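S.K.: Structure file protein_33.cif, mmCIF, C-alpha atoms and all ligand atoms, is pasted below:
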```cif
data_protein
#
loop_
_atom_site.label_atom_id
_atom_site.label_comp_id
_atom_site.auth_asym_id
_atom_site.auth_seq_id
_atom_site.Cartn_x
_atom_site.Cartn_y
_atom_site.Cartn_z
CA MET A 125 -5.40 22.21 14.16
CA LYS A 126 -2.12 21.87 16.06
CA ALA A 127 1.13 22.51 14.21
CA VAL A 128 4.76 22.86 15.26
CA ILE A 129 6.57 25.98 14.08
CA VAL A 130 10.07 27.46 14.22
CA PRO A 131 9.42 31.07 15.34
CA SER A 132 13.17 31.88 15.27
CA PHE A 133 16.29 29.86 14.43
CA GLY A 134 17.93 28.15 17.40
CA ASP A 135 18.18 24.94 19.44
CA SER A 136 15.35 22.43 19.96
CA HIS A 137 13.67 24.68 22.55
CA VAL A 138 12.57 27.15 19.88
CA LEU A 139 10.03 24.63 18.53
CA ARG A 140 6.48 25.76 19.47
CA VAL A 141 3.13 23.99 19.21
CA VAL A 142 0.51 26.46 17.97
CA ASP A 143 -3.15 26.44 16.92
CA GLN A 144 -3.66 27.19 13.25
CA ALA A 145 -6.63 27.19 10.88
CA GLU A 146 -6.79 23.92 8.96
CA PRO A 147 -5.60 24.57 5.39
CA ARG A 148 -8.06 24.07 2.51
CA PRO A 149 -7.09 22.22 -0.66
CA GLU A 150 -7.20 24.37 -3.77
CA THR A 151 -7.43 23.18 -7.38
CA ASN A 152 -5.39 19.98 -7.92
CA GLN A 153 -4.56 19.72 -4.20
CA VAL A 154 -5.53 17.31 -1.42
CA LEU A 155 -5.81 17.66 2.36
CA ILE A 156 -4.10 14.89 4.34
CA LYS A 157 -4.90 14.10 7.98
CA VAL A 158 -1.35 13.40 9.13
CA GLU A 159 -0.93 10.10 10.98
CA ALA A 160 2.88 10.08 10.84
CA ALA A 161 5.54 12.65 9.93
CA GLY A 162 9.21 11.84 9.41
CA VAL A 163 11.87 13.55 11.54
CA GLY A 164 15.33 13.76 10.00
CA TYR A 165 18.61 15.56 10.55
CA VAL A 166 17.62 17.88 7.73
CA ASP A 167 14.85 19.25 10.02
CA VAL A 168 17.47 20.01 12.67
CA MET A 169 19.49 21.92 10.08
CA ALA A 170 16.35 23.83 8.94
CA ARG A 171 15.55 24.70 12.57
CA ASN A 172 19.12 25.97 13.07
CA GLY A 173 18.96 28.07 9.91
CA ALA A 174 21.73 25.94 8.42
CA TYR A 175 19.76 24.32 5.60
CA GLN A 176 19.88 25.63 2.04
CA PRO A 177 17.45 26.63 0.60
CA LEU A 178 16.75 28.61 3.79
CA SER A 179 13.16 29.07 5.02
CA GLU A 180 12.10 32.27 6.78
CA PRO A 181 11.47 31.82 10.56
CA GLY A 182 7.80 31.06 11.24
CA PHE A 183 7.75 27.97 9.01
CA SER A 184 6.49 24.56 10.09
CA PRO A 185 9.14 21.86 9.54
CA GLY A 186 8.61 18.40 8.12
CA LEU A 187 9.44 17.16 4.63
CA GLU A 188 7.24 14.10 4.60
CA ALA A 189 3.87 12.96 5.87
CA ALA A 190 1.60 9.96 5.59
CA GLY A 191 -2.06 9.59 6.51
CA THR A 192 -5.58 9.72 5.10
CA VAL A 193 -6.91 12.06 2.39
CA THR A 194 -9.82 13.93 4.02
CA ALA A 195 -10.69 16.50 1.31
CA VAL A 196 -9.80 17.22 -2.30
CA GLY A 197 -9.76 20.40 -4.39
CA GLU A 198 -11.24 20.86 -7.84
CA GLY A 199 -9.69 18.58 -10.46
CA VAL A 200 -9.00 15.72 -8.03
CA PRO A 201 -11.32 12.66 -8.13
CA ARG A 202 -13.65 12.57 -5.06
CA ASP A 203 -12.87 8.90 -4.48
CA TRP A 204 -9.37 9.84 -3.36
CA VAL A 205 -10.99 10.81 -0.03
CA GLY A 206 -10.29 8.01 2.44
CA GLN A 207 -7.13 6.79 0.64
CA GLN A 208 -3.98 6.11 2.70
CA VAL A 209 -1.15 8.10 1.13
CA PHE A 210 2.42 9.33 1.53
CA ALA A 211 3.64 12.71 0.31
CA LEU A 212 6.77 14.80 0.20
CA THR A 213 5.44 18.07 1.61
CA GLY A 214 8.48 20.33 1.23
CA SER A 215 7.67 21.64 4.73
CA GLY A 216 4.69 21.68 7.11
CA ALA A 217 4.42 17.96 7.93
CA TYR A 218 4.77 18.63 11.69
CA ALA A 219 1.01 19.28 11.89
CA GLU A 220 -2.33 17.53 12.27
CA SER A 221 -3.16 18.23 8.61
CA VAL A 222 -1.26 19.33 5.55
CA VAL A 223 -2.21 20.31 1.99
CA VAL A 224 -0.15 18.96 -0.91
CA ASP A 225 -0.37 18.94 -4.69
CA ALA A 226 -2.17 15.84 -5.90
CA CYS A 227 0.79 15.01 -8.18
CA ASP A 228 2.96 14.61 -5.06
CA ILE A 229 0.95 11.86 -3.34
CA VAL A 230 1.68 8.14 -3.49
CA ARG A 231 -0.91 5.58 -2.40
CA LEU A 232 0.15 3.10 0.25
CA PRO A 233 -0.28 -0.58 -0.58
CA GLU A 234 -1.95 -2.99 1.87
CA GLY A 235 0.44 -3.87 4.69
CA VAL A 236 2.37 -0.57 4.68
CA SER A 237 1.41 1.72 7.59
CA ALA A 238 1.76 5.52 7.72
CA ALA A 239 4.70 5.09 10.12
CA ASP A 240 6.38 2.59 7.76
CA ALA A 241 5.90 5.03 4.86
CA VAL A 242 7.65 7.96 6.57
CA ALA A 243 10.33 5.66 8.02
CA LEU A 244 11.24 4.91 4.39
CA GLY A 245 10.28 8.30 2.98
CA VAL A 246 13.02 10.72 2.03
CA ASN A 247 15.76 8.38 3.25
CA ALA A 248 14.85 5.39 1.10
CA LEU A 249 14.18 7.67 -1.89
CA VAL A 250 17.61 9.30 -1.58
CA ALA A 251 19.38 5.94 -1.14
CA SER A 252 17.55 4.18 -3.98
CA ILE A 253 17.74 6.95 -6.59
CA ALA A 254 21.41 7.70 -5.79
CA LEU A 255 22.38 4.00 -5.97
CA LYS A 256 20.54 3.61 -9.29
CA ARG A 257 22.36 6.68 -10.65
CA ALA A 258 25.66 5.11 -9.58
CA ASN A 259 24.73 2.06 -11.67
CA LEU A 260 25.55 -0.44 -8.91
CA MET A 261 26.47 -3.77 -10.48
CA ASP A 262 26.20 -7.25 -9.02
CA GLY A 263 29.06 -8.08 -6.66
CA GLU A 264 30.42 -4.53 -6.39
CA ARG A 265 31.81 -3.46 -3.02
CA VAL A 266 29.74 -0.74 -1.37
CA LEU A 267 30.76 1.21 1.74
CA VAL A 268 27.99 2.97 3.70
CA ARG A 269 28.98 5.67 6.21
CA GLY A 270 26.49 6.69 8.94
CA ALA A 271 25.02 3.25 8.36
CA GLY A 272 22.77 3.23 11.44
CA GLY A 273 21.20 6.62 10.60
CA GLY A 274 18.05 7.33 8.61
CA ILE A 275 19.64 7.29 5.14
CA GLY A 276 22.23 4.68 6.21
CA VAL A 277 19.81 1.87 7.18
CA MET A 278 18.06 2.28 3.83
CA ALA A 279 21.33 2.43 1.86
CA VAL A 280 22.60 -0.77 3.54
CA GLN A 281 19.42 -2.69 2.75
CA LEU A 282 19.01 -1.39 -0.79
CA ALA A 283 22.67 -1.78 -1.80
CA ALA A 284 22.50 -5.42 -0.63
CA LEU A 285 19.18 -5.94 -2.47
CA TYR A 286 20.67 -4.47 -5.68
CA GLY A 287 23.53 -7.01 -5.50
CA GLY A 288 26.28 -5.09 -3.69
CA VAL A 289 28.59 -6.51 -1.03
CA VAL A 290 28.04 -3.99 1.76
CA THR A 291 30.46 -2.75 4.42
CA ALA A 292 28.65 -0.67 7.05
CA ILE A 293 30.48 1.96 9.13
CA THR A 294 28.78 2.51 12.47
CA SER A 295 29.47 3.46 16.09
CA SER A 296 28.89 0.40 18.29
CA PRO A 297 28.94 -3.41 18.15
CA ALA A 298 25.18 -3.53 18.88
CA ARG A 299 24.46 -1.28 15.89
CA GLY A 300 26.81 -3.46 13.80
CA ILE A 301 24.78 -6.60 14.59
CA ARG A 302 21.54 -4.86 13.63
CA LEU A 303 23.14 -3.75 10.34
CA GLN A 304 24.28 -7.29 9.58
CA ASN A 305 20.66 -8.37 10.09
CA LEU A 306 19.68 -5.77 7.48
CA GLY A 307 22.13 -7.11 4.88
CA ALA A 308 25.62 -5.75 5.67
CA ALA A 309 28.28 -8.35 4.84
CA HIS A 310 30.94 -6.52 6.90
CA VAL A 311 30.83 -3.97 9.69
CA GLN A 312 33.45 -1.47 10.88
CA ASP A 313 33.13 0.38 14.18
CA ARG A 314 34.18 3.99 13.52
CA THR A 315 35.01 4.48 17.22
CA THR A 316 37.54 1.64 17.47
CA ASP A 317 38.36 -0.08 14.16
CA GLN A 318 41.16 0.87 11.81
CA ASP A 319 39.26 1.15 8.55
CA SER A 320 40.58 -0.81 5.63
CA GLY A 321 39.61 -1.85 2.13
CA THR A 322 38.68 -0.17 -1.10
CA PHE A 323 35.25 0.18 -2.63
CA ASP A 324 33.42 0.59 -5.94
CA ILE A 325 30.76 2.82 -4.39
CA ILE A 326 30.87 4.89 -1.20
CA VAL A 327 27.53 6.11 0.15
CA ASP A 328 28.15 9.12 2.39
CA PRO A 329 25.43 11.00 4.31
CA VAL A 330 28.05 12.10 6.92
CA ALA A 331 30.82 14.05 5.03
CA GLY A 332 32.87 16.13 7.54
CA GLN A 333 36.46 17.33 7.49
CA ASP A 334 37.92 13.90 6.62
CA THR A 335 35.78 13.31 3.52
CA GLY A 336 38.93 13.25 1.37
CA ARG A 337 40.30 10.28 3.32
CA TRP A 338 37.19 8.32 2.30
CA VAL A 339 37.40 9.47 -1.33
CA GLU A 340 40.86 7.87 -1.45
CA LYS A 341 39.24 4.47 -0.71
CA LEU A 342 37.59 4.34 -4.13
CA ARG A 343 38.66 1.54 -6.45
CA PRO A 344 39.32 2.31 -10.15
CA ASN A 345 36.18 3.87 -11.69
CA GLY A 346 34.64 4.17 -8.23
CA ARG A 347 31.64 6.41 -7.48
CA TYR A 348 31.37 8.58 -4.36
CA LEU A 349 27.77 9.45 -3.44
CA LEU A 350 27.72 12.58 -1.27
CA LEU A 351 24.21 12.54 0.18
CA GLY A 352 24.43 14.75 3.27
CA ALA A 353 26.63 16.28 5.93
CA ALA A 354 25.58 14.92 9.35
CA GLY A 355 29.26 15.25 10.39
CA GLY A 356 29.74 18.76 8.95
CA ALA A 357 30.67 20.13 5.54
CA PRO A 358 33.59 18.60 3.62
CA THR A 359 36.68 20.81 3.27
CA VAL A 360 38.49 21.78 0.06
CA ASP A 361 40.96 18.94 0.82
CA THR A 362 38.31 16.64 -0.64
CA PHE A 363 39.24 17.95 -4.08
CA ASN A 364 42.94 17.36 -3.41
CA SER A 365 42.03 13.71 -2.76
CA ILE A 366 40.21 13.55 -6.10
CA LEU A 367 43.32 14.90 -7.82
CA ALA A 368 45.60 12.55 -5.84
CA THR A 369 43.58 9.56 -7.10
CA TYR A 370 42.98 10.96 -10.60
CA HIS A 371 44.57 7.84 -12.17
CA ASN A 372 41.59 5.84 -10.79
CA SER A 373 38.99 8.06 -12.56
CA PRO A 374 36.96 8.70 -9.39
CA SER A 375 33.48 10.25 -9.74
CA LEU A 376 31.93 12.51 -7.13
CA HIS A 377 28.13 12.57 -7.26
CA ALA A 378 26.44 15.11 -5.00
CA PHE A 379 22.79 14.14 -4.82
CA SER A 380 19.75 16.01 -3.48
CA LEU A 381 16.18 14.79 -3.72
CA ASN A 382 15.18 18.43 -4.31
CA SER A 383 16.45 18.09 -7.88
CA ILE A 384 14.10 15.20 -8.69
CA GLY A 385 10.64 15.70 -10.27
CA PRO A 386 7.39 14.27 -8.81
CA GLY A 387 7.05 11.58 -11.50
CA THR A 388 10.42 10.00 -10.68
CA VAL A 389 9.85 10.36 -6.93
CA GLY A 390 6.38 8.81 -7.18
CA ALA A 391 7.59 5.83 -9.22
CA ALA A 392 10.52 5.23 -6.85
CA ALA A 393 8.29 5.52 -3.73
CA THR A 394 5.71 3.12 -5.19
CA ALA A 395 8.44 0.54 -5.89
CA LEU A 396 9.91 0.97 -2.38
CA PHE A 397 6.52 0.59 -0.65
CA HIS A 398 5.84 -2.59 -2.63
CA LEU A 399 9.23 -3.96 -1.52
CA VAL A 400 8.11 -3.41 2.09
CA ALA A 401 4.71 -5.02 1.46
CA GLN A 402 6.50 -8.06 -0.02
CA GLY A 403 8.94 -8.29 2.90
CA GLY A 404 12.07 -7.40 0.90
CA LEU A 405 12.77 -4.09 2.68
CA ARG A 406 12.25 -3.16 6.33
CA ALA A 407 10.99 0.14 7.71
CA VAL A 408 13.33 0.80 10.65
CA ILE A 409 11.76 2.99 13.35
CA ASP A 410 13.94 4.18 16.22
CA ASP A 411 11.15 5.88 18.17
CA GLU A 412 7.67 7.35 17.87
CA VAL A 413 7.18 10.75 19.50
CA PRO A 414 3.92 12.75 19.98
CA LEU A 415 3.66 15.96 17.90
CA ALA A 416 3.64 18.09 21.06
CA GLU A 417 7.09 16.69 21.96
CA ALA A 418 8.79 17.43 18.64
CA HIS A 419 11.58 19.16 20.58
CA ARG A 420 12.38 15.78 22.21
CA ALA A 421 12.76 14.17 18.78
CA HIS A 422 15.24 16.89 17.76
CA GLU A 423 17.18 16.57 21.05
CA ARG A 424 17.48 12.85 20.43
CA LEU A 425 18.78 13.37 16.88
CA GLU A 426 21.38 15.83 18.15
CA SER A 427 22.56 13.83 21.20
CA THR A 428 22.88 10.08 20.57
CA PRO A 429 22.84 8.49 17.12
CA VAL A 430 19.39 7.15 16.20
CA PHE A 431 18.96 3.76 14.55
CA GLY A 432 16.70 4.36 11.56
CA LYS A 433 13.97 6.98 11.74
CA ILE A 434 12.15 8.98 14.37
CA VAL A 435 8.43 9.24 13.60
CA LEU A 436 6.26 12.09 14.85
CA ARG A 437 2.64 11.20 15.73
CA PRO A 438 0.01 13.99 15.70
N1 LIG B 501 20.50 14.13 -0.29
C1 LIG B 501 19.28 14.45 0.12
O1 LIG B 501 18.36 14.72 -0.67
C2 LIG B 501 19.01 14.45 1.60
C3 LIG B 501 17.72 14.22 2.09
C4 LIG B 501 17.53 14.17 3.47
C5 LIG B 501 18.60 14.37 4.33
N2 LIG B 501 19.83 14.62 3.82
C6 LIG B 501 21.01 14.86 4.68
O2 LIG B 501 21.64 13.62 4.98
C7 LIG B 501 22.34 13.73 6.22
C8 LIG B 501 22.01 12.53 7.09
O3 LIG B 501 20.62 12.53 7.39
P1 LIG B 501 20.01 11.35 8.28
O4 LIG B 501 18.56 11.72 8.47
O5 LIG B 501 20.38 10.02 7.74
O6 LIG B 501 20.78 11.61 9.66
P2 LIG B 501 20.81 10.69 10.96
O7 LIG B 501 19.61 9.81 11.01
O8 LIG B 501 21.11 11.59 12.11
O9 LIG B 501 22.07 9.74 10.67
C9 LIG B 501 23.38 10.18 10.57
C10 LIG B 501 24.29 9.03 11.05
O10 LIG B 501 25.63 9.38 10.74
C11 LIG B 501 26.52 8.91 11.77
N3 LIG B 501 27.21 10.09 12.27
C12 LIG B 501 26.66 11.18 12.86
N4 LIG B 501 27.62 12.08 13.15
C13 LIG B 501 28.79 11.55 12.71
C14 LIG B 501 30.14 12.02 12.72
N5 LIG B 501 30.48 13.21 13.23
N6 LIG B 501 31.08 11.23 12.17
C15 LIG B 501 30.76 10.06 11.62
N7 LIG B 501 29.49 9.55 11.60
C16 LIG B 501 28.52 10.31 12.15
C17 LIG B 501 25.63 8.22 12.81
O11 LIG B 501 25.53 6.84 12.42
P3 LIG B 501 26.47 5.68 13.05
O12 LIG B 501 26.54 5.96 14.51
O13 LIG B 501 25.76 4.43 12.69
O14 LIG B 501 27.81 5.83 12.38
C18 LIG B 501 24.27 8.86 12.57
O15 LIG B 501 23.21 8.02 12.98
C19 LIG B 501 21.96 15.09 6.81
O16 LIG B 501 22.99 16.01 6.55
C20 LIG B 501 20.70 15.47 6.03
O17 LIG B 501 20.54 16.87 5.92
C21 LIG B 501 20.07 14.64 2.48
#
```
Have the structure of the file written as structure tokens, please.
Ligand SMILES: NC(=O)c1ccc[n+]([C@@H]2O[C@H](COP(=O)([O-])OP(=O)(O)OC[C@H]3O[C@@H](n4cnc5c(N)ncnc54)[C@H](OP(=O)(O)O)[C@@H]3O)[C@@H](O)[C@H]2O)c1
M.R.:
Amino acid sequence: MKAVIVPSFGDSHVLRVVDQAEPRPETNQVLIKVEAAGVGYVDVMARNGAYQPLSEPGFSPGLEAAGTVTAVGEGVPRDWVGQQVFALTGSGAYAESVVVDACDIVRLPEGVSAADAVALGVNALVASIALKRANLMDGERVLVRGAGGGIGVMAVQLAALYGGVVTAITSSPARGIRLQNLGAAHVQDRTTDQDSGTFDIIVDPVAGQDTGRWVEKLRPNGRYLLLGAAGGAPTVDTFNSILATYHNSPSLHAFSLNSIGPGTVGAAATALFHLVAQGGLRAVIDDEVPLAEAHRAHERLESTPVFGKIVLRP
């Protein structure tokens, strides 16, 4: 089978397509013929050697795959063969086939394609579980940074669905209109607008040096959800901002999907896929790229902001 590997850390040109033996499912595992793999900024960080936990060079990237079960190991019912499924793979989804533990797969309902599944994938799981942990209540004001990105488009939609009044921060008027169509009540253009307002919840997959400035926008008892660092790591000033607004009892929640067990992930993914099947949540796909051009997907993520998710097609 064909797979993409990272032979050494570096820019998008290090990505190589290689021939590998198809993996075989062992006990309690399944083999998935990959029809779609998600591409996210986290893959760029892994390729650069900037993602913790660090993989050794030689790994195949890709946290999430969807496709058809083509073989099962001992302990897995034979009738799973032929099922359309999604799985968090940890790594290795940039390939024609991938083996995963059976406890990690989620069946796709009618009406949800493999591309839809990975377009939601990690991003929708992060947004939904983090928002649930923040106990978002009806009518609360929610700010979403990086709103047009992979996590952002899911956070905007889900925060609105859960009853929040959403302000989306993005980088162009055209992206702002698309975000309003996904449920944002207000839009701020980070390239031109003076930001204003205070919020009960701030969803932040961007971070960066000015994270503290955003922390100071929390209302009393506000919750700050630090979900990623597409704009770079926050500085220690962030903690000064927490102290400066101590009287408001701000909470800082750092959230990684890596800390969540398969049962919780599976239940959340099933609920999200059913929302898509019922028309309540949209899979937002920026582009579909052939497996052999994975480097192009990474270049795109690193040059101009994507809107939603890039999907890799073996
Ligand atoms: N918590 C977890 O478990 C988890 C899981 C997966 C990924 N992540 C992390 O989450 C982060 C975002 O991932 P993603 O896939 O959503 O990335 P993405 O699709 O590239 O989206 C990031 C968005 O942030 C905005 N942005 C980018 N650079 C910025 C800057 N310097 N200043 C302000 N805004 C900027 C852009 O949106 P606009 O132009 O619309 O503003 C961009 O589209 C990454 O660090 C990734 O590693 C975390």
S.K.: Neighbouring residues of Pro297 in chain A were defined as those with any atom within 9 Å, considering all atoms listed in the file; residues of the same chain fewer than 3 positions away were excluded. Please report them as an mmCIF file with C-alpha atoms, in the coordinates of the input.
M.R.:
```
data_model
loop_
_atom_site.group_PDB
_atom_site.id
_atom_site.type_symbol
_atom_site.label_atom_id
_atom_site.label_comp_id
_atom_site.auth_asym_id
_atom_site.auth_seq_id
_atom_site.Cartn_x
_atom_site.Cartn_y
_atom_site.Cartn_z
ATOM 1 C CA THR A 294 28.780 2.510 12.470
ATOM 2 C CA GLY A 300 26.810 -3.460 13.800
ATOM 3 C CA ILE A 301 24.780 -6.600 14.590
ATOM 4 C CA ARG A 302 21.540 -4.860 13.630
ATOM 5 C CA VAL A 311 30.830 -3.970 9.690
ATOM 6 C CA GLN A 312 33.450 -1.470 10.880
ATOM 7 C CA ASP A 313 33.130 0.380 14.180
#
```
S.K.: Could the residues that lie within 6 Å of ligand LIG 501 (chain B), counting only C-alpha atoms and all ligand atoms, be listed as a list in words?
M.R.: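 These are the residues that qualify: Gly164, Tyr165, Val166, Val246, Val250, Gly270, Ala271, Gly272, Gly273, Gly274, Ile275, Gly276, Ile293, Thr294, Ser295, Pro329, Val330, Leu351, Gly352, Ala353, Ala354, Gly355, Phe379, Ser380, Leu381, Leu425, Pro429 and Val430 of chain A.
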S.K.: Smallest atom-to-atom distance to Val138 in chain A: which of A:Val360, A:Ala418, A:Leu405, A:Ala243, using only C-alpha atoms?
M.R.: A:Ala418
S.K.: Would you please work out which residue, of A:Gly346, A:Pro181, A:Gly245, A:Gly216, is nearest to Ile434 in chain A when using all atoms listed in the file?
M.R.: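 Between A:Gly346, A:Pro181, A:Gly245, A:Gly216, the residue approaching Ile434 in chain A most closely is A:Gly245.
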S.K.: Which residue, A:Val193, A:Val277, A:Val222, A:His419, has the smallest gap to Val130 in chain A when you use only C-alpha atoms?
M.R.: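 Closest to Val130 in chain A of all the choices is A:His419.
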S.K.: By how many Å are CA of Arg314 in chain A and CA of Gly288 in chain A apart?
M.R.: 21.0 Å
